[in-house]
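Source file: protein-v2.cif; contents: mmCIF, N, CA and C atoms.
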data_target
loop_
_atom_site.label_atom_id
_atom_site.label_comp_id
_atom_site.auth_asym_id
_atom_site.auth_seq_id
_atom_site.Cartn_x
_atom_site.Cartn_y
_atom_site.Cartn_z
N MET A 1 7.99 33.28 -46.03
CA MET A 1 7.70 32.28 -45.03
C MET A 1 6.81 31.20 -45.64
N ALA A 2 7.24 29.94 -45.51
CA ALA A 2 6.51 28.83 -46.09
C ALA A 2 5.40 28.39 -45.15
N ILE A 3 4.31 27.99 -45.72
CA ILE A 3 3.17 27.53 -44.95
C ILE A 3 3.08 26.01 -45.07
N SER A 4 2.98 25.34 -43.92
CA SER A 4 2.83 23.89 -43.90
C SER A 4 1.40 23.55 -43.55
N ILE A 5 0.84 22.62 -44.26
CA ILE A 5 -0.52 22.18 -43.99
C ILE A 5 -0.44 20.80 -43.33
N ILE A 6 -1.10 20.68 -42.19
CA ILE A 6 -1.12 19.41 -41.46
C ILE A 6 -2.44 18.72 -41.78
N THR A 7 -2.34 17.50 -42.24
CA THR A 7 -3.54 16.74 -42.61
C THR A 7 -3.94 15.81 -41.47
N LYS A 8 -5.10 15.22 -41.61
CA LYS A 8 -5.58 14.24 -40.62
C LYS A 8 -4.64 13.05 -40.56
N GLU A 9 -4.10 12.66 -41.72
CA GLU A 9 -3.18 11.53 -41.76
C GLU A 9 -1.90 11.84 -40.98
N ASP A 10 -1.43 13.09 -41.09
CA ASP A 10 -0.24 13.50 -40.34
C ASP A 10 -0.50 13.41 -38.83
N LEU A 11 -1.66 13.88 -38.42
CA LEU A 11 -2.02 13.82 -37.00
C LEU A 11 -2.18 12.38 -36.54
N GLN A 12 -2.75 11.54 -37.37
CA GLN A 12 -2.92 10.12 -37.02
C GLN A 12 -1.55 9.46 -36.85
N GLN A 13 -0.63 9.74 -37.76
CA GLN A 13 0.72 9.18 -37.68
C GLN A 13 1.42 9.68 -36.42
N PHE A 14 1.26 10.96 -36.10
CA PHE A 14 1.86 11.52 -34.88
C PHE A 14 1.30 10.84 -33.64
N LYS A 15 0.01 10.59 -33.64
CA LYS A 15 -0.64 9.93 -32.51
C LYS A 15 -0.06 8.53 -32.30
N ILE A 16 0.11 7.79 -33.40
CA ILE A 16 0.66 6.44 -33.31
C ILE A 16 2.08 6.46 -32.76
N GLU A 17 2.90 7.38 -33.28
CA GLU A 17 4.28 7.49 -32.81
C GLU A 17 4.34 7.89 -31.34
N LEU A 18 3.46 8.79 -30.94
CA LEU A 18 3.43 9.24 -29.55
C LEU A 18 3.04 8.10 -28.62
N LEU A 19 2.02 7.33 -28.99
CA LEU A 19 1.59 6.20 -28.16
C LEU A 19 2.67 5.12 -28.06
N GLU A 20 3.38 4.87 -29.16
CA GLU A 20 4.47 3.89 -29.13
C GLU A 20 5.58 4.36 -28.20
N GLY A 21 5.88 5.65 -28.23
CA GLY A 21 6.91 6.20 -27.35
C GLY A 21 6.51 6.07 -25.88
N ILE A 22 5.25 6.33 -25.58
CA ILE A 22 4.76 6.21 -24.20
C ILE A 22 4.83 4.76 -23.74
N LYS A 23 4.46 3.83 -24.60
CA LYS A 23 4.53 2.41 -24.25
C LYS A 23 5.95 1.99 -23.93
N GLU A 24 6.91 2.46 -24.73
CA GLU A 24 8.32 2.13 -24.48
C GLU A 24 8.77 2.67 -23.14
N LEU A 25 8.39 3.88 -22.81
CA LEU A 25 8.76 4.46 -21.52
C LEU A 25 8.19 3.67 -20.36
N LEU A 26 6.95 3.25 -20.48
CA LEU A 26 6.32 2.48 -19.41
C LEU A 26 6.97 1.12 -19.26
N GLN A 27 7.36 0.48 -20.35
CA GLN A 27 8.01 -0.82 -20.26
C GLN A 27 9.36 -0.70 -19.59
N VAL A 28 10.11 0.34 -19.90
CA VAL A 28 11.42 0.54 -19.28
C VAL A 28 11.25 0.75 -17.79
N ARG A 29 10.27 1.49 -17.38
CA ARG A 29 10.06 1.77 -15.96
C ARG A 29 9.70 0.51 -15.20
N THR A 30 8.91 -0.39 -15.78
CA THR A 30 8.55 -1.60 -15.07
C THR A 30 9.72 -2.57 -14.99
N ILE A 31 10.62 -2.52 -15.98
CA ILE A 31 11.78 -3.41 -15.96
C ILE A 31 12.78 -2.97 -14.90
N GLU A 32 12.90 -1.66 -14.70
CA GLU A 32 13.87 -1.13 -13.75
C GLU A 32 13.37 -1.29 -12.31
N GLN A 33 13.53 -2.45 -11.75
CA GLN A 33 13.17 -2.70 -10.36
C GLN A 33 14.42 -2.62 -9.53
N LYS A 34 14.33 -1.93 -8.40
CA LYS A 34 15.47 -1.84 -7.52
C LYS A 34 15.87 -3.22 -7.02
N LEU A 35 17.17 -3.45 -6.92
CA LEU A 35 17.66 -4.75 -6.45
C LEU A 35 17.51 -4.87 -4.94
N TRP A 36 17.77 -3.79 -4.22
CA TRP A 36 17.69 -3.79 -2.75
C TRP A 36 16.61 -2.83 -2.29
N LEU A 37 15.77 -3.29 -1.38
CA LEU A 37 14.68 -2.47 -0.85
C LEU A 37 14.89 -2.24 0.64
N ARG A 38 14.48 -1.08 1.10
CA ARG A 38 14.52 -0.77 2.53
C ARG A 38 13.28 -1.33 3.21
N THR A 39 13.31 -1.30 4.53
CA THR A 39 12.20 -1.85 5.32
C THR A 39 10.86 -1.24 4.95
N SER A 40 10.80 0.08 4.84
CA SER A 40 9.53 0.74 4.54
C SER A 40 9.00 0.33 3.17
N GLU A 41 9.89 0.13 2.20
CA GLU A 41 9.47 -0.28 0.88
C GLU A 41 8.93 -1.71 0.88
N VAL A 42 9.56 -2.57 1.66
CA VAL A 42 9.11 -3.97 1.75
C VAL A 42 7.74 -4.03 2.43
N LYS A 43 7.58 -3.28 3.51
CA LYS A 43 6.29 -3.27 4.21
C LYS A 43 5.18 -2.79 3.28
N LYS A 44 5.46 -1.77 2.49
CA LYS A 44 4.46 -1.24 1.57
C LYS A 44 4.18 -2.24 0.45
N LEU A 45 5.23 -2.87 -0.08
CA LEU A 45 5.09 -3.83 -1.17
C LEU A 45 4.26 -5.04 -0.75
N LEU A 46 4.55 -5.56 0.45
CA LEU A 46 3.86 -6.76 0.93
C LEU A 46 2.60 -6.44 1.74
N ASN A 47 2.40 -5.16 2.03
CA ASN A 47 1.26 -4.72 2.84
C ASN A 47 1.24 -5.43 4.19
N ILE A 48 2.38 -5.36 4.89
CA ILE A 48 2.51 -5.99 6.20
C ILE A 48 3.00 -4.97 7.21
N SER A 49 2.89 -5.33 8.49
CA SER A 49 3.32 -4.44 9.57
C SER A 49 4.80 -4.67 9.88
N SER A 50 5.33 -3.79 10.71
CA SER A 50 6.73 -3.92 11.13
C SER A 50 6.95 -5.22 11.89
N GLY A 51 5.98 -5.59 12.73
CA GLY A 51 6.09 -6.83 13.51
C GLY A 51 6.11 -8.07 12.63
N THR A 52 5.27 -8.07 11.61
CA THR A 52 5.24 -9.20 10.69
C THR A 52 6.56 -9.33 9.94
N LEU A 53 7.10 -8.19 9.51
CA LEU A 53 8.38 -8.21 8.82
C LEU A 53 9.49 -8.69 9.74
N GLN A 54 9.42 -8.28 10.99
CA GLN A 54 10.41 -8.73 11.98
C GLN A 54 10.31 -10.24 12.16
N ASN A 55 9.11 -10.78 12.23
CA ASN A 55 8.92 -12.23 12.35
C ASN A 55 9.49 -12.97 11.14
N LEU A 56 9.32 -12.40 9.95
CA LEU A 56 9.88 -13.02 8.74
C LEU A 56 11.41 -13.05 8.82
N ARG A 57 12.00 -12.01 9.39
CA ARG A 57 13.46 -11.99 9.57
C ARG A 57 13.90 -12.99 10.61
N ILE A 58 13.22 -13.01 11.75
CA ILE A 58 13.62 -13.86 12.87
C ILE A 58 13.57 -15.34 12.51
N ASN A 59 12.48 -15.76 11.86
CA ASN A 59 12.36 -17.18 11.54
C ASN A 59 13.08 -17.57 10.25
N GLY A 60 13.78 -16.63 9.63
CA GLY A 60 14.60 -16.93 8.45
C GLY A 60 13.83 -17.03 7.15
N THR A 61 12.58 -16.65 7.15
CA THR A 61 11.78 -16.70 5.93
C THR A 61 12.28 -15.70 4.91
N LEU A 62 12.71 -14.54 5.38
CA LEU A 62 13.18 -13.48 4.49
C LEU A 62 14.56 -13.03 4.93
N SER A 63 15.52 -13.20 4.04
CA SER A 63 16.89 -12.80 4.39
C SER A 63 17.05 -11.29 4.21
N TYR A 64 18.04 -10.75 4.89
CA TYR A 64 18.28 -9.31 4.85
C TYR A 64 19.76 -9.04 5.06
N THR A 65 20.15 -7.81 4.78
CA THR A 65 21.50 -7.36 5.02
C THR A 65 21.42 -6.05 5.78
N LYS A 66 22.22 -5.94 6.83
CA LYS A 66 22.21 -4.73 7.64
C LYS A 66 23.49 -3.95 7.36
N ILE A 67 23.32 -2.71 6.93
CA ILE A 67 24.45 -1.84 6.64
C ILE A 67 24.22 -0.53 7.37
N GLY A 68 25.09 -0.26 8.32
CA GLY A 68 24.99 1.00 9.06
C GLY A 68 23.67 1.22 9.76
N GLY A 69 23.08 0.18 10.27
CA GLY A 69 21.82 0.31 10.99
C GLY A 69 20.59 0.28 10.10
N ILE A 70 20.77 0.17 8.81
CA ILE A 70 19.64 0.11 7.88
C ILE A 70 19.54 -1.30 7.32
N LEU A 71 18.33 -1.84 7.33
CA LEU A 71 18.10 -3.18 6.81
C LEU A 71 17.71 -3.11 5.34
N TYR A 72 18.36 -3.95 4.55
CA TYR A 72 18.07 -4.03 3.13
C TYR A 72 17.63 -5.45 2.79
N TYR A 73 16.65 -5.55 1.89
CA TYR A 73 16.10 -6.84 1.47
C TYR A 73 16.27 -6.97 -0.04
N ASN A 74 16.69 -8.14 -0.48
CA ASN A 74 16.88 -8.40 -1.89
C ASN A 74 15.51 -8.61 -2.54
N TYR A 75 15.25 -7.90 -3.63
CA TYR A 75 13.96 -8.00 -4.30
C TYR A 75 13.69 -9.41 -4.79
N LYS A 76 14.72 -10.11 -5.26
CA LYS A 76 14.53 -11.48 -5.75
C LYS A 76 14.11 -12.42 -4.62
N ASP A 77 14.60 -12.18 -3.40
CA ASP A 77 14.17 -12.98 -2.26
C ASP A 77 12.70 -12.76 -1.95
N ILE A 78 12.25 -11.53 -2.10
CA ILE A 78 10.83 -11.21 -1.87
C ILE A 78 9.97 -11.88 -2.92
N GLU A 79 10.40 -11.82 -4.19
CA GLU A 79 9.67 -12.50 -5.26
C GLU A 79 9.58 -13.99 -4.97
N LYS A 80 10.69 -14.58 -4.55
CA LYS A 80 10.73 -16.01 -4.25
C LYS A 80 9.77 -16.36 -3.10
N LEU A 81 9.75 -15.51 -2.09
CA LEU A 81 8.84 -15.71 -0.96
C LEU A 81 7.39 -15.71 -1.43
N LEU A 82 7.06 -14.79 -2.32
CA LEU A 82 5.68 -14.70 -2.82
C LEU A 82 5.32 -15.89 -3.69
N THR A 83 6.23 -16.33 -4.55
CA THR A 83 5.93 -17.47 -5.43
C THR A 83 5.88 -18.78 -4.65
N ASP A 84 6.71 -18.92 -3.62
CA ASP A 84 6.69 -20.14 -2.82
C ASP A 84 5.44 -20.27 -1.98
N SER A 85 4.86 -19.12 -1.60
CA SER A 85 3.68 -19.18 -0.73
C SER A 85 2.40 -19.46 -1.50
N LYS A 86 2.47 -19.49 -2.84
CA LYS A 86 1.27 -19.77 -3.65
C LYS A 86 0.96 -21.24 -3.68
#

Would you encode the structure as structure tokens?
Amino acid sequence: MAISIITKEDLQQFKIELLEGIKELLQVRTIEQKLWLRTSEVKKLLNISSGTLQNLRINGTLSYTKIGGILYYNYKDIEKLLTDSK
């Protein structure tokens, strides 16, 4: 049976590779944004109430699509709403 000796340099290299791998995973997760959000997700994202979201729908500020009784909101429309209000 062969014995392998791990040096400090080996551990340092492993640490660097591990941190780079974690960074890549985090970047992929932030890029993967859902295209369509449900009502509860929009309320949580914008930190608004159901009534406020309803007002945004009624006055046409935020467009939506209704499929089978469920309302869906396009994420890009929400981004646009936030950037326009600045």

Taking all atoms of range 54-69 of chain A that appear in the file, build a box with edges along x, y and z, extend it by 5 Å on every side, and state its centre and edge lengths in Å to one decimal, as lines of an AutoDock Vina configuration file.
center_x = 17.0
center_y = -8.2
center_z = 8.5
size_x = 26.2
size_y = 28.8
size_z = 18.8

field: DSSP helix (DSSP H, G or I) residues within chain A, as a VMD selection string
entry: chain A and resid 8 to 31 39 to 46 50 to 58 75 to 84

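Put simply, CA of Tyr72 in chain A is 11.2 Å away from CA of Lys34 in chain A.
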
- prompt: Which residues fall under the PyMOL selection byres (((chain A and resi 40 and name CA) around 12) and name CA) in this file, as a PyMOL selection string?
  reply: chain A and resi 36-39+41-50+53+70-73

Ground truth for the PyMOL selection byres (((chain A and resi 78 and name CA) around 10) and name CA), written as a PDB file with N, CA and C atoms, in the frame of the given file:
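The resulting expr_28.pdb:
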ATOM      1  N   LEU A  37      15.770  -3.290  -1.380  1.00  0.00           N
ATOM      2  CA  LEU A  37      14.680  -2.470  -0.850  1.00  0.00           C
ATOM      3  C   LEU A  37      14.890  -2.240   0.640  1.00  0.00           C
ATOM      4  N   VAL A  42       9.560  -2.570   1.660  1.00  0.00           N
ATOM      5  CA  VAL A  42       9.110  -3.970   1.750  1.00  0.00           C
ATOM      6  C   VAL A  42       7.740  -4.030   2.430  1.00  0.00           C
ATOM      7  N   LEU A  45       5.230  -2.870  -0.080  1.00  0.00           N
ATOM      8  CA  LEU A  45       5.090  -3.830  -1.170  1.00  0.00           C
ATOM      9  C   LEU A  45       4.260  -5.040  -0.750  1.00  0.00           C
ATOM     10  N   LEU A  46       4.550  -5.560   0.450  1.00  0.00           N
ATOM     11  CA  LEU A  46       3.860  -6.760   0.930  1.00  0.00           C
ATOM     12  C   LEU A  46       2.600  -6.440   1.740  1.00  0.00           C
ATOM     13  N   THR A  61      12.580 -16.650   7.150  1.00  0.00           N
ATOM     14  CA  THR A  61      11.780 -16.700   5.930  1.00  0.00           C
ATOM     15  C   THR A  61      12.280 -15.700   4.910  1.00  0.00           C
ATOM     16  N   LEU A  62      12.710 -14.540   5.380  1.00  0.00           N
ATOM     17  CA  LEU A  62      13.180 -13.480   4.490  1.00  0.00           C
ATOM     18  C   LEU A  62      14.560 -13.030   4.930  1.00  0.00           C
ATOM     19  N   SER A  63      15.520 -13.200   4.040  1.00  0.00           N
ATOM     20  CA  SER A  63      16.890 -12.800   4.390  1.00  0.00           C
ATOM     21  C   SER A  63      17.050 -11.290   4.210  1.00  0.00           C
ATOM     22  N   TYR A  73      16.650  -5.550   1.890  1.00  0.00           N
ATOM     23  CA  TYR A  73      16.100  -6.840   1.470  1.00  0.00           C
ATOM     24  C   TYR A  73      16.270  -6.970  -0.040  1.00  0.00           C
ATOM     25  N   ASN A  74      16.690  -8.140  -0.480  1.00  0.00           N
ATOM     26  CA  ASN A  74      16.880  -8.400  -1.890  1.00  0.00           C
ATOM     27  C   ASN A  74      15.510  -8.610  -2.540  1.00  0.00           C
ATOM     28  N   TYR A  75      15.250  -7.900  -3.630  1.00  0.00           N
ATOM     29  CA  TYR A  75      13.960  -8.000  -4.300  1.00  0.00           C
ATOM     30  C   TYR A  75      13.690  -9.410  -4.790  1.00  0.00           C
ATOM     31  N   LYS A  76      14.720 -10.110  -5.260  1.00  0.00           N
ATOM     32  CA  LYS A  76      14.530 -11.480  -5.750  1.00  0.00           C
ATOM     33  C   LYS A  76      14.110 -12.420  -4.620  1.00  0.00           C
ATOM     34  N   ASP A  77      14.600 -12.180  -3.400  1.00  0.00           N
ATOM     35  CA  ASP A  77      14.170 -12.980  -2.260  1.00  0.00           C
ATOM     36  C   ASP A  77      12.700 -12.760  -1.950  1.00  0.00           C
ATOM     37  N   GLU A  79      10.400 -11.820  -4.190  1.00  0.00           N
ATOM     38  CA  GLU A  79       9.670 -12.500  -5.260  1.00  0.00           C
ATOM     39  C   GLU A  79       9.580 -13.990  -4.970  1.00  0.00           C
ATOM     40  N   LYS A  80      10.690 -14.580  -4.550  1.00  0.00           N
ATOM     41  CA  LYS A  80      10.730 -16.010  -4.250  1.00  0.00           C
ATOM     42  C   LYS A  80       9.770 -16.360  -3.100  1.00  0.00           C
ATOM     43  N   LEU A  81       9.750 -15.510  -2.090  1.00  0.00           N
ATOM     44  CA  LEU A  81       8.840 -15.710  -0.960  1.00  0.00           C
ATOM     45  C   LEU A  81       7.390 -15.710  -1.430  1.00  0.00           C
ATOM     46  N   LEU A  82       7.060 -14.790  -2.320  1.00  0.00           N
ATOM     47  CA  LEU A  82       5.680 -14.700  -2.820  1.00  0.00           C
ATOM     48  C   LEU A  82       5.320 -15.890  -3.690  1.00  0.00           C
ATOM     49  N   THR A  83       6.230 -16.330  -4.550  1.00  0.00           N
ATOM     50  CA  THR A  83       5.930 -17.470  -5.430  1.00  0.00           C
ATOM     51  C   THR A  83       5.880 -18.780  -4.650  1.00  0.00           C
ATOM     52  N   ASP A  84       6.710 -18.920  -3.620  1.00  0.00           N
ATOM     53  CA  ASP A  84       6.690 -20.140  -2.820  1.00  0.00           C
ATOM     54  C   ASP A  84       5.440 -20.270  -1.980  1.00  0.00           C
TER      55      ASP A  84
END
